[in-house]
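Structure data follow from protein.cif (mmCIF, C-alpha atoms (C1' of nucleotides)):
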data_start
#
loop_
_atom_site.group_PDB
_atom_site.id
_atom_site.type_symbol
_atom_site.label_atom_id
_atom_site.label_comp_id
_atom_site.auth_asym_id
_atom_site.auth_seq_id
_atom_site.Cartn_x
_atom_site.Cartn_y
_atom_site.Cartn_z
ATOM 1 C CA MET A 1 -4.969 -17.492 2.705
ATOM 2 C CA LYS A 2 -4.511 -17.833 6.407
ATOM 3 C CA SER A 3 -5.703 -21.075 7.869
ATOM 4 C CA ASP A 4 -7.571 -19.828 10.923
ATOM 5 C CA PRO A 5 -11.324 -19.425 10.410
ATOM 6 C CA LEU A 6 -11.532 -15.777 11.407
ATOM 7 C CA SER A 7 -8.796 -14.770 8.962
ATOM 8 C CA ALA A 8 -10.491 -16.782 6.250
ATOM 9 C CA ALA A 9 -13.761 -14.956 6.919
ATOM 10 C CA PHE A 10 -12.131 -11.529 6.830
ATOM 11 C CA ALA A 11 -10.220 -12.424 3.660
ATOM 12 C CA ALA A 12 -13.386 -13.638 1.982
ATOM 13 C CA LEU A 13 -15.153 -10.412 2.889
ATOM 14 C CA ALA A 14 -12.286 -8.271 1.573
ATOM 15 C CA ASP A 15 -13.738 -8.288 -1.921
ATOM 16 C CA PRO A 16 -16.731 -6.225 -2.996
ATOM 17 C CA THR A 17 -17.873 -8.903 -5.443
ATOM 18 C CA ARG A 18 -18.059 -11.479 -2.694
ATOM 19 C CA ARG A 19 -19.773 -9.081 -0.294
ATOM 20 C CA ALA A 20 -22.354 -8.342 -2.982
ATOM 21 C CA MET A 21 -22.893 -12.059 -3.412
ATOM 22 C CA LEU A 22 -23.648 -12.400 0.281
ATOM 23 C CA THR A 23 -26.009 -9.454 0.087
ATOM 24 C CA ARG A 24 -27.819 -11.202 -2.728
ATOM 25 C CA LEU A 25 -28.041 -14.369 -0.669
ATOM 26 C CA CYS A 26 -29.860 -12.458 2.063
ATOM 27 C CA GLU A 27 -32.924 -12.755 -0.150
ATOM 28 C CA GLY A 28 -32.651 -16.533 -0.125
ATOM 29 C CA GLU A 29 -30.999 -19.383 -1.937
ATOM 30 C CA ALA A 30 -29.731 -18.750 -5.437
ATOM 31 C CA THR A 31 -28.086 -20.736 -8.194
ATOM 32 C CA VAL A 32 -24.639 -19.922 -9.508
ATOM 33 C CA ASN A 33 -26.064 -18.331 -12.649
ATOM 34 C CA GLU A 34 -28.456 -16.189 -10.638
ATOM 35 C CA ILE A 35 -25.610 -15.044 -8.471
ATOM 36 C CA ALA A 36 -23.439 -14.372 -11.497
ATOM 37 C CA ALA A 37 -26.011 -12.286 -13.363
ATOM 38 C CA PRO A 38 -25.203 -8.830 -11.929
ATOM 39 C CA PHE A 39 -21.469 -9.186 -12.476
ATOM 40 C CA ASP A 40 -19.390 -8.652 -15.574
ATOM 41 C CA LEU A 41 -17.285 -11.708 -14.855
ATOM 42 C CA SER A 42 -16.768 -15.088 -16.426
ATOM 43 C CA LEU A 43 -18.499 -18.037 -14.813
ATOM 44 C CA PRO A 44 -15.230 -19.616 -13.694
ATOM 45 C CA ALA A 45 -14.413 -16.407 -11.850
ATOM 46 C CA ILE A 46 -17.789 -16.539 -10.120
ATOM 47 C CA SER A 47 -17.202 -20.161 -9.281
ATOM 48 C CA LYS A 48 -13.886 -19.285 -7.673
ATOM 49 C CA HIS A 49 -15.439 -16.520 -5.594
ATOM 50 C CA LEU A 50 -18.090 -18.933 -4.391
ATOM 51 C CA LYS A 51 -15.414 -21.428 -3.490
ATOM 52 C CA VAL A 52 -13.687 -18.804 -1.361
ATOM 53 C CA LEU A 53 -16.973 -18.007 0.382
ATOM 54 C CA GLU A 54 -17.627 -21.697 0.894
ATOM 55 C CA GLY A 55 -14.118 -22.251 2.197
ATOM 56 C CA ALA A 56 -14.699 -19.531 4.771
ATOM 57 C CA GLY A 57 -17.968 -21.199 5.768
ATOM 58 C CA LEU A 58 -19.954 -18.157 4.683
ATOM 59 C CA ILE A 59 -22.111 -20.139 2.290
ATOM 60 C CA SER A 60 -23.087 -23.745 1.826
ATOM 61 C CA ARG A 61 -24.293 -25.454 -1.282
ATOM 62 C CA GLY A 62 -26.985 -27.943 -2.000
ATOM 63 C CA ARG A 63 -27.627 -29.950 -5.095
ATOM 64 C CA ALA A 64 -30.854 -29.876 -7.031
ATOM 65 C CA ALA A 65 -30.779 -31.349 -10.505
ATOM 66 C CA GLN A 66 -27.952 -29.645 -12.362
ATOM 67 C CA PHE A 67 -28.143 -26.620 -10.091
ATOM 68 C CA ARG A 68 -26.000 -26.080 -7.045
ATOM 69 C CA PRO A 69 -27.997 -23.612 -4.978
ATOM 70 C CA CYS A 70 -26.021 -21.510 -2.510
ATOM 71 C CA ARG A 71 -27.304 -20.260 0.792
ATOM 72 C CA LEU A 72 -25.954 -17.913 3.388
ATOM 73 C CA GLU A 73 -24.289 -19.419 6.449
ATOM 74 C CA PRO A 74 -24.174 -16.753 9.122
ATOM 75 C CA GLY A 75 -21.792 -18.459 11.553
ATOM 76 C CA PRO A 76 -18.556 -16.744 10.440
ATOM 77 C CA LEU A 77 -20.362 -13.413 10.182
ATOM 78 C CA LYS A 78 -21.210 -13.743 13.834
ATOM 79 C CA ASP A 79 -17.570 -14.478 14.628
ATOM 80 C CA VAL A 80 -16.538 -11.352 12.734
ATOM 81 C CA ALA A 81 -19.183 -9.300 14.525
ATOM 82 C CA ASP A 82 -18.028 -10.653 17.875
ATOM 83 C CA TRP A 83 -14.419 -9.776 17.122
ATOM 84 C CA VAL A 84 -15.173 -6.265 15.977
ATOM 85 C CA GLU A 85 -17.581 -5.680 18.823
ATOM 86 C CA ARG A 86 -14.701 -5.666 21.285
ATOM 87 C CA TYR A 87 -13.653 -2.331 19.787
ATOM 88 C CA ARG A 88 -17.023 -0.688 20.064
ATOM 89 C CA ARG A 89 -15.988 1.473 23.008
ATOM 90 C CA PHE A 90 -13.297 3.071 20.835
ATOM 91 C CA TRP A 91 -15.611 4.350 18.192
ATOM 92 C CA ASP A 92 -18.300 5.236 20.683
ATOM 93 C CA GLU A 93 -15.718 7.302 22.528
ATOM 94 C CA SER A 94 -14.589 8.898 19.292
ATOM 95 C CA LEU A 95 -18.121 9.783 18.379
ATOM 96 C CA ASP A 96 -18.635 11.279 21.811
ATOM 97 C CA ARG A 97 -15.495 13.326 21.394
ATOM 98 C CA LEU A 98 -16.530 14.370 17.912
ATOM 99 C CA ASP A 99 -19.952 15.199 19.213
ATOM 100 C CA SER A 100 -18.705 17.425 22.000
ATOM 101 C CA TYR A 101 -16.169 18.954 19.620
ATOM 102 C CA LEU A 102 -18.922 19.874 17.202
ATOM 103 C CA LYS A 103 -21.029 21.236 20.039
ATOM 104 C CA GLU A 104 -18.065 23.292 21.161
ATOM 105 C CA ILE A 105 -17.530 24.638 17.651
ATOM 106 C CA GLN A 106 -21.195 25.526 17.366
ATOM 107 C CA HIS A 107 -21.041 27.271 20.709
ATOM 108 C CA LYS A 108 -18.023 29.284 19.629
ATOM 109 C CA GLU A 109 -19.640 30.185 16.341
ATOM 110 C CA LYS A 110 -22.691 31.433 18.169
ATOM 111 C CA SER A 111 -20.443 33.474 20.426
ATOM 112 C CA ASP A 112 -18.693 34.870 17.368
ATOM 113 C CA ASP A 113 -21.982 35.748 15.792
ATOM 114 C CA ALA A 114 -23.043 37.638 18.885
ATOM 115 C CA MET B 1 -5.611 -4.770 -2.362
ATOM 116 C CA LYS B 2 -8.977 -3.388 -3.313
ATOM 117 C CA SER B 3 -9.283 0.371 -3.395
ATOM 118 C CA ASP B 4 -12.560 0.842 -1.589
ATOM 119 C CA PRO B 5 -12.192 1.557 2.117
ATOM 120 C CA LEU B 6 -14.325 -1.291 3.368
ATOM 121 C CA SER B 7 -12.383 -3.854 1.338
ATOM 122 C CA ALA B 8 -9.130 -2.368 2.593
ATOM 123 C CA ALA B 9 -10.339 -2.697 6.172
ATOM 124 C CA PHE B 10 -11.424 -6.308 5.738
ATOM 125 C CA ALA B 11 -8.168 -7.161 3.972
ATOM 126 C CA ALA B 12 -6.125 -5.555 6.732
ATOM 127 C CA LEU B 13 -8.042 -7.552 9.334
ATOM 128 C CA ALA B 14 -7.561 -10.817 7.441
ATOM 129 C CA ASP B 15 -4.231 -11.411 9.132
ATOM 130 C CA PRO B 16 -3.846 -12.600 12.720
ATOM 131 C CA THR B 17 -0.641 -10.622 13.192
ATOM 132 C CA ARG B 18 -2.389 -7.392 12.280
ATOM 133 C CA ARG B 19 -5.396 -8.201 14.431
ATOM 134 C CA ALA B 20 -3.062 -8.869 17.351
ATOM 135 C CA MET B 21 -1.417 -5.511 16.713
ATOM 136 C CA LEU B 22 -4.767 -3.782 16.964
ATOM 137 C CA THR B 23 -5.518 -5.680 20.152
ATOM 138 C CA ARG B 24 -2.244 -4.447 21.559
ATOM 139 C CA LEU B 25 -3.126 -0.881 20.587
ATOM 140 C CA CYS B 26 -6.280 -1.112 22.660
ATOM 141 C CA GLU B 27 -4.043 -0.560 25.649
ATOM 142 C CA GLY B 28 -2.839 2.713 24.212
ATOM 143 C CA GLU B 29 -0.203 4.130 21.914
ATOM 144 C CA ALA B 30 2.878 2.036 21.221
ATOM 145 C CA THR B 31 6.101 2.367 19.277
ATOM 146 C CA VAL B 32 6.994 0.074 16.410
ATOM 147 C CA ASN B 33 9.455 -1.867 18.545
ATOM 148 C CA GLU B 34 6.911 -2.319 21.304
ATOM 149 C CA ILE B 35 4.412 -3.581 18.794
ATOM 150 C CA ALA B 36 7.007 -5.867 17.237
ATOM 151 C CA ALA B 37 8.103 -7.475 20.509
ATOM 152 C CA PRO B 38 5.585 -10.343 20.718
ATOM 153 C CA PHE B 39 6.131 -11.459 17.147
ATOM 154 C CA ASP B 40 8.814 -13.609 15.646
ATOM 155 C CA LEU B 41 9.125 -11.373 12.621
ATOM 156 C CA SER B 42 11.735 -9.044 11.199
ATOM 157 C CA LEU B 43 11.236 -5.345 11.772
ATOM 158 C CA PRO B 44 10.638 -4.640 8.086
ATOM 159 C CA ALA B 45 7.834 -7.189 8.131
ATOM 160 C CA ILE B 46 6.315 -5.412 11.118
ATOM 161 C CA SER B 47 6.696 -2.123 9.322
ATOM 162 C CA LYS B 48 4.817 -3.468 6.330
ATOM 163 C CA HIS B 49 1.988 -4.723 8.484
ATOM 164 C CA LEU B 50 1.707 -1.332 10.103
ATOM 165 C CA LYS B 51 1.636 0.300 6.701
ATOM 166 C CA VAL B 52 -1.266 -1.922 5.709
ATOM 167 C CA LEU B 53 -3.125 -0.982 8.887
ATOM 168 C CA GLU B 54 -2.374 2.673 8.288
ATOM 169 C CA GLY B 55 -3.468 2.412 4.660
ATOM 170 C CA ALA B 56 -6.784 1.013 5.832
ATOM 171 C CA GLY B 57 -7.130 3.886 8.298
ATOM 172 C CA LEU B 58 -7.076 1.504 11.239
ATOM 173 C CA ILE B 59 -4.130 3.216 12.866
ATOM 174 C CA SER B 60 -2.469 6.614 12.693
ATOM 175 C CA ARG B 61 1.063 7.531 13.586
ATOM 176 C CA GLY B 62 2.641 10.424 15.362
ATOM 177 C CA ARG B 63 6.239 11.398 15.645
ATOM 178 C CA ALA B 64 8.122 11.805 18.886
ATOM 179 C CA ALA B 65 11.895 11.994 18.630
ATOM 180 C CA GLN B 66 13.017 8.915 16.710
ATOM 181 C CA PHE B 67 9.859 7.041 17.637
ATOM 182 C CA ARG B 68 6.750 6.818 15.531
ATOM 183 C CA PRO B 69 4.018 5.951 17.998
ATOM 184 C CA CYS B 70 0.946 4.217 16.579
ATOM 185 C CA ARG B 71 -2.553 4.580 17.879
ATOM 186 C CA LEU B 72 -5.804 2.881 17.113
ATOM 187 C CA GLU B 73 -8.216 4.636 14.759
ATOM 188 C CA PRO B 74 -11.612 3.040 15.213
ATOM 189 C CA GLY B 75 -13.420 4.538 12.211
ATOM 190 C CA PRO B 76 -13.008 1.604 9.812
ATOM 191 C CA LEU B 77 -13.824 -0.833 12.594
ATOM 192 C CA LYS B 78 -17.148 0.880 12.949
ATOM 193 C CA ASP B 79 -17.702 0.591 9.198
ATOM 194 C CA VAL B 80 -16.968 -3.124 9.395
ATOM 195 C CA ALA B 81 -19.286 -3.506 12.365
ATOM 196 C CA ASP B 82 -22.029 -1.636 10.522
ATOM 197 C CA TRP B 83 -21.655 -3.824 7.465
ATOM 198 C CA VAL B 84 -21.727 -7.064 9.416
ATOM 199 C CA GLU B 85 -24.565 -5.870 11.593
ATOM 200 C CA ARG B 86 -26.952 -6.057 8.634
ATOM 201 C CA TYR B 87 -26.651 -9.839 8.853
ATOM 202 C CA ARG B 88 -27.428 -10.051 12.530
ATOM 203 C CA ARG B 89 -30.931 -11.342 11.953
ATOM 204 C CA PHE B 90 -29.436 -14.392 10.273
ATOM 205 C CA TRP B 91 -27.607 -15.545 13.318
ATOM 206 C CA ASP B 92 -29.286 -13.770 16.177
ATOM 207 C CA GLU B 93 -32.811 -14.604 17.220
ATOM 208 C CA SER B 94 -33.554 -17.165 14.549
ATOM 209 C CA LEU B 95 -30.382 -19.098 13.891
ATOM 210 C CA ASP B 96 -31.704 -22.269 15.457
ATOM 211 C CA ARG B 97 -35.165 -21.809 13.984
ATOM 212 C CA LEU B 98 -33.779 -21.072 10.538
ATOM 213 C CA ASP B 99 -31.574 -24.087 10.742
ATOM 214 C CA SER B 100 -34.334 -26.468 11.679
ATOM 215 C CA TYR B 101 -36.611 -24.842 9.124
ATOM 216 C CA LEU B 102 -34.117 -25.478 6.348
ATOM 217 C CA LYS B 103 -33.583 -29.014 7.537
ATOM 218 C CA GLU B 104 -37.331 -29.529 7.524
ATOM 219 C CA ILE B 105 -37.576 -28.201 3.977
ATOM 220 C CA GLN B 106 -34.855 -30.521 2.858
ATOM 221 C CA HIS B 107 -36.611 -33.403 4.526
ATOM 222 C CA LYS B 108 -39.859 -32.572 2.744
ATOM 223 C CA GLU B 109 -38.077 -32.316 -0.576
ATOM 224 C CA LYS B 110 -36.530 -35.695 -0.036
ATOM 225 C CA SER B 111 -39.932 -37.108 0.841
ATOM 226 C CA ASP B 112 -41.328 -35.623 -2.343
ATOM 227 C CA ASP B 113 -38.611 -37.302 -4.335
ATOM 228 C CA ALA B 114 -39.536 -40.649 -2.843
ATOM 229 C "C1'" DA C 1 31.764 14.311 14.943
ATOM 230 C "C1'" DA C 2 30.847 9.702 15.877
ATOM 231 C "C1'" DG C 3 28.104 6.166 17.598
ATOM 232 C "C1'" DT C 4 23.450 4.234 18.927
ATOM 233 C "C1'" DT C 5 18.731 3.447 18.500
ATOM 234 C "C1'" DA C 6 14.259 3.622 15.806
ATOM 235 C "C1'" DA C 7 12.218 2.788 11.800
ATOM 236 C "C1'" DT C 8 11.860 2.659 6.853
ATOM 237 C "C1'" DT C 9 13.111 1.653 2.019
ATOM 238 C "C1'" DA C 10 15.206 -1.272 -1.539
ATOM 239 C "C1'" DG C 11 15.622 -5.479 -3.787
ATOM 240 C "C1'" DC C 12 14.668 -10.123 -3.877
ATOM 241 C "C1'" DT C 13 11.960 -14.684 -3.414
ATOM 242 C "C1'" DT C 14 7.928 -17.337 -2.867
ATOM 243 C "C1'" DG C 15 3.196 -18.274 -2.638
ATOM 244 C "C1'" DT C 16 -1.528 -16.658 -3.428
ATOM 245 C "C1'" DT C 17 -5.340 -14.200 -5.775
ATOM 246 C "C1'" DG C 18 -8.250 -13.028 -9.474
ATOM 247 C "C1'" DG C 19 -8.939 -13.218 -13.943
ATOM 248 C "C1'" DT C 20 -9.207 -15.612 -18.688
ATOM 249 C "C1'" DG C 21 -10.781 -19.303 -22.437
ATOM 250 C "C1'" DA C 22 -11.169 -24.162 -23.423
ATOM 251 C "C1'" DA C 23 -12.409 -28.546 -21.942
ATOM 252 C "C1'" DA C 24 -14.783 -31.613 -18.790
ATOM 253 C "C1'" DT C 25 -18.655 -33.152 -15.859
ATOM 254 C "C1'" DA C 26 -23.439 -33.713 -14.418
ATOM 255 C "C1'" DC C 27 -27.964 -33.737 -15.165
ATOM 256 C "C1'" DA C 28 -32.753 -32.864 -17.834
ATOM 257 C "C1'" DG C 29 -35.552 -33.435 -21.511
ATOM 258 C "C1'" DA C 30 -36.742 -34.617 -26.334
ATOM 259 C "C1'" DT D 1 -29.128 -41.527 -27.107
ATOM 260 C "C1'" DC D 2 -28.323 -36.986 -28.272
ATOM 261 C "C1'" DT D 3 -28.604 -32.138 -27.089
ATOM 262 C "C1'" DG D 4 -28.749 -28.286 -24.249
ATOM 263 C "C1'" DT D 5 -27.995 -26.152 -19.658
ATOM 264 C "C1'" DA D 6 -25.412 -25.587 -15.303
ATOM 265 C "C1'" DT D 7 -21.274 -25.604 -13.237
ATOM 266 C "C1'" DT D 8 -16.594 -26.906 -12.402
ATOM 267 C "C1'" DT D 9 -11.786 -28.039 -13.519
ATOM 268 C "C1'" DC D 10 -7.668 -27.190 -16.202
ATOM 269 C "C1'" DA D 11 -3.881 -24.746 -17.692
ATOM 270 C "C1'" DC D 12 -2.125 -20.250 -17.830
ATOM 271 C "C1'" DC D 13 -1.008 -15.273 -16.721
ATOM 272 C "C1'" DA D 14 -0.458 -10.830 -14.271
ATOM 273 C "C1'" DA D 15 -0.609 -8.607 -10.041
ATOM 274 C "C1'" DC D 16 -0.038 -8.670 -5.300
ATOM 275 C "C1'" DA D 17 1.114 -10.195 -0.428
ATOM 276 C "C1'" DA D 18 4.367 -11.516 2.951
ATOM 277 C "C1'" DG D 19 8.619 -12.691 4.234
ATOM 278 C "C1'" DC D 20 13.807 -12.012 4.321
ATOM 279 C "C1'" DT D 21 18.598 -9.386 4.429
ATOM 280 C "C1'" DA D 22 21.104 -5.353 3.574
ATOM 281 C "C1'" DA D 23 21.224 -0.552 3.166
ATOM 282 C "C1'" DT D 24 19.350 3.981 4.444
ATOM 283 C "C1'" DT D 25 17.224 7.820 6.938
ATOM 284 C "C1'" DA D 26 16.281 10.272 11.217
ATOM 285 C "C1'" DA D 27 17.060 11.671 15.653
ATOM 286 C "C1'" DC D 28 19.137 11.278 20.183
ATOM 287 C "C1'" DT D 29 23.627 10.771 23.033
ATOM 288 C "C1'" DT D 30 28.323 11.163 24.102
#

Can you turn what I pasted into structure tokens?
Amino acid sequence: MKSDPLSAAFAALADPTRRAMLTRLCEGEATVNEIAAPFDLSLPAISKHLKVLEGAGLISRGRAAQFRPCRLEPGPLKDVADWVERYRRFWDESLDRLDSYLKEIQHKEKSDDA
Amino acid sequence: MKSDPLSAAFAALADPTRRAMLTRLCEGEATVNEIAAPFDLSLPAISKHLKVLEGAGLISRGRAAQFRPCRLEPGPLKDVADWVERYRRFWDESLDRLDSYLKEIQHKEKSDDA
DNA sequence: AAGTTAATTAGCTTGTTGGTGAAATACAGA
DNA sequence: TCTGTATTTCACCAACAAGCTAATTAACTT
């Protein structure tokens, strides 16, 4: 794992299990067992995934009785969004090009039909 | 490496060298040697990084004489942006409010304990 | 044809990731 | 205090990532 925070965030998000965990945490805090429920994984595996998410700052954990409720921490997600956002113009441009390409194709097809 | 495209994109971005390569490619197409220049890495290492980026669909490569120019392919970046965007509400308008709300809750819970 | 430049592949090492089951820890409740 | 529940830590393993050097392929130049 790279040591810089942005790399850690990307690395943590590069796993569908962990992304699903974050999605679950959108609904609110959850215990480890609640988080584990949808997955066909051992509890230690879940625990490790949570540790990765925690290490990336994507979740934080409280302590309530024997439970260790996790909650979403959006900070690193914002950093990721900010990084990716710098490339927006590239996909906007591509979509524009695709759009005009499709329009051109349609136009040609209409001409062919006629 | 995970097989799903989104995981591949996140994994590819989880490395500062590769992110810097993409940043460089914002300026336009570049050859492998041009891309390699700023880094203190062997050419095979650079080649591997490019292969990861290509595998994630983040770049594509042409062929011109003995050069293999790389160019940015923004599609997966848009997918990443779309995924992250779903979490915007967590940091955007209400980050401060959410934070103080959670702190307040915790405070109440502590008071209840006492 | 021979040499030069661009880039990749091959083979290796090292460290990390993601998983397991078994044991350990922490707390709640009877 | 004993028992059950929640969660983590402890080995351990297989697969993979990232780096290197040396060798190879591909195409231009002389």

Margin query: Using all atoms listed in the file and a cut-off of 12 Å, which residues of chain B sit close to chain D? Please list them as a PyMOL selection string.
Written below: chain B and resi 1-2+11-12+14-15+17+40-49+52+63-68

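CA of Leu6 (chain A) lies 19.5 Å from CA of Arg71 (chain A).
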
What are the closest atom pairs, with distances in Å to one decimal, for each residue of chain B lying within 9 Å of chain A, using only C-alpha atoms, rows by chain and rising residue number, as a tab-separated table?
residue	atom	partner	partner_atom	distance
B:Met1	CA	A:Ala14	CA	8.5
B:Lys2	CA	A:Asp15	CA	7.0
B:Asp4	CA	A:Pro16	CA	8.3
B:Leu6	CA	A:Ala14	CA	7.5
B:Ser7	CA	A:Ala14	CA	4.4
B:Ala8	CA	A:Ala14	CA	6.8
B:Ala9	CA	A:Ala14	CA	7.5
B:Phe10	CA	A:Ala14	CA	4.7
B:Ala11	CA	A:Ala14	CA	4.9
B:Ala12	CA	A:Phe10	CA	8.5
B:Leu13	CA	A:Phe10	CA	6.2
B:Ala14	CA	A:Ser7	CA	4.4
B:Asp15	CA	A:Ser7	CA	5.7
B:Pro16	CA	A:Ser7	CA	6.6
B:Thr23	CA	A:Tyr87	CA	8.8
B:Cys26	CA	A:Tyr87	CA	8.0
B:Leu72	CA	A:Phe90	CA	8.4
B:Glu73	CA	A:Phe90	CA	8.1
B:Pro74	CA	A:Trp91	CA	5.2
B:Gly75	CA	A:Trp91	CA	6.4
B:Leu77	CA	A:Val84	CA	6.5
B:Lys78	CA	A:Trp91	CA	6.5
B:Val80	CA	A:Val84	CA	7.5
B:Ala81	CA	A:Val84	CA	6.1
B:Val84	CA	A:Ala81	CA	6.1
B:Glu85	CA	A:Ala81	CA	7.0
B:Tyr87	CA	A:Pro74	CA	7.3
B:Arg88	CA	A:Lys78	CA	7.3
B:Phe90	CA	A:Pro74	CA	5.9
B:Trp91	CA	A:Pro74	CA	5.6
B:Asp92	CA	A:Lys78	CA	8.4
B:Leu95	CA	A:Pro74	CA	8.2

For the residues selected in the previous step, produce a file with C-alpha atoms as a tab-separated table (two decimals), in the coordinates of the input.
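Writing the result to result-v6.tsv gives the following:
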chain	number	residue	atom	x	y	z
B	1	MET	CA	-5.61	-4.77	-2.36
B	2	LYS	CA	-8.98	-3.39	-3.31
B	4	ASP	CA	-12.56	0.84	-1.59
B	6	LEU	CA	-14.32	-1.29	3.37
B	7	SER	CA	-12.38	-3.85	1.34
B	8	ALA	CA	-9.13	-2.37	2.59
B	9	ALA	CA	-10.34	-2.70	6.17
B	10	PHE	CA	-11.42	-6.31	5.74
B	11	ALA	CA	-8.17	-7.16	3.97
B	12	ALA	CA	-6.12	-5.56	6.73
B	13	LEU	CA	-8.04	-7.55	9.33
B	14	ALA	CA	-7.56	-10.82	7.44
B	15	ASP	CA	-4.23	-11.41	9.13
B	16	PRO	CA	-3.85	-12.60	12.72
B	23	THR	CA	-5.52	-5.68	20.15
B	26	CYS	CA	-6.28	-1.11	22.66
B	72	LEU	CA	-5.80	2.88	17.11
B	73	GLU	CA	-8.22	4.64	14.76
B	74	PRO	CA	-11.61	3.04	15.21
B	75	GLY	CA	-13.42	4.54	12.21
B	77	LEU	CA	-13.82	-0.83	12.59
B	78	LYS	CA	-17.15	0.88	12.95
B	80	VAL	CA	-16.97	-3.12	9.40
B	81	ALA	CA	-19.29	-3.51	12.36
B	84	VAL	CA	-21.73	-7.06	9.42
B	85	GLU	CA	-24.56	-5.87	11.59
B	87	TYR	CA	-26.65	-9.84	8.85
B	88	ARG	CA	-27.43	-10.05	12.53
B	90	PHE	CA	-29.44	-14.39	10.27
B	91	TRP	CA	-27.61	-15.54	13.32
B	92	ASP	CA	-29.29	-13.77	16.18
B	95	LEU	CA	-30.38	-19.10	13.89

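Between CA of Pro69 (chain A) and CA of Ala30 (chain A) the interatomic distance comes to 5.2 Å.
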
Check: In Å, with one decimal, what is the gap from CA of Leu50 (chain A) to C1' of DG21 (chain C)?
Finding: 19.5 Å

Note to self: Only residues of chain C matter here; which ones have an atom within 12 Å of chain A, counting all atoms listed in the file? Give them as a ChimeraX atom specification.
What the structure shows: /C:15-22,25-28
